[in-house]
Amino acid sequence: MARISSLADAVAELVHDGDTVALEGFTHLIPVAAGQEIIRQRRRELTLVRMTPDIVYDQLIGAGCAAKLVFSWGGNPGVGSLHRFRDAVEHAWPRALAIEEHSHAGMANRYVAGASGLPFAVLRGYVGTDLPTVTETIKPITCPFTGARLTAVPALNPDVTVIHAQRADRAGNVQLWGLLGVQKEAVLAARRSLVTVEEIVDELTPVPGAIVLPAWAVTMVAEVPGGANPSYAHGYSERDNAYYAAWDAISRDRQRFTDWLEQHVFADIAGSVA
């Protein structure tokens, strides 16, 4: 059953050096505060997993937390590149970063396989691309029933999955709604999970289109209002577009980025970018 905790205590208990860590969320409900807490606790040698790594992964990579990135797209949404990500790949700063690239469909199917207790997933994707030539975890497979040539990808079972949601009740049942990604699958596939929420309530009232992660599927819950900022939490906050625009200039320069880390992460000035 899920336990209620502070964010700092949850990260300290659940995220260890060398872990494979997935921080999932699509457009909104991105667990930025949790990612910055991982930086604050100076975790190292992480394999970071995410379908669409954006600025929180740029921050984790630039802070030296990551040894490898498993992903299917990376960028600063609506703005451009992730410059700390690029610097790590191109110049090994602050350290070299290995990359494992998949398609969106491949990543989603890997989570589903992990959540289903299966060793791999099979899909029709990757045909006509060169990804199988550069990614070891993409393999051709022949259907034993039809002889069709398909593609297999191994299951994803993160050591820890971290997501953000709108609310949880006091038993640790989590409710989220709006534009969703693979949060459910990523949590169910993980060995441990942390959900940060906008609020903890006595009762989860019905919301159209909402999904509920039951307390038995979640390890720890932390109440972190604004924990998705600068992304948004549907029904609670709006997207901070200025943050994303400002990040481009900050992330381009190593010293400016390092200064930002000291002032706005290690000094624990939550949600600030300027």
# chains A, B, ... in the order shown; residues from 1 in each chain; ligands from 1
>>> residues_around(residues="stretch 111-116 of chain A", least_positions_apart="4", cutoff="9 Å", atoms="only C-alpha atoms", output="MDAnalysis selection string")
chainID A and resid 106:107 120:121 154:158 182 184:190
>>> select_by_dssp(residues="stretch 16-200 of chain A", states="strand (DSSP E or B)", output="MDAnalysis selection string")
chainID A and resid 20:23 26 28 46:50 66:71 76 80 98:101 120:123 139:142 149:154 160:169 174:176 192:200
>>> select_by_dssp(residues="stretch 118-184 of chain A", states="helix (DSSP H, G or I)", output="list of chain:residue names")
A:Leu131, A:Pro132, A:Thr133, A:Val134, A:Gln183, A:Lys184
>>> closest_residue(among="A:Val56, A:Val15, A:Asn241, A:Leu23", to="A:Gln41", atoms="only C-alpha atoms")
A:Val15
>>> residues_around(residues="A:Leu194", least_positions_apart="5", cutoff="10 Å", atoms="only C-alpha atoms", output="list in words")
Ala2, Arg3, Ile4, Ser5, Leu7, Ala10, Val11, Leu14, Val15, Leu23, Pro31, Ala34, Val160, Thr161, Val162, Ile163, His164, Val187, Val218, Thr219, Met220, Val221 and Ala222 of chain A
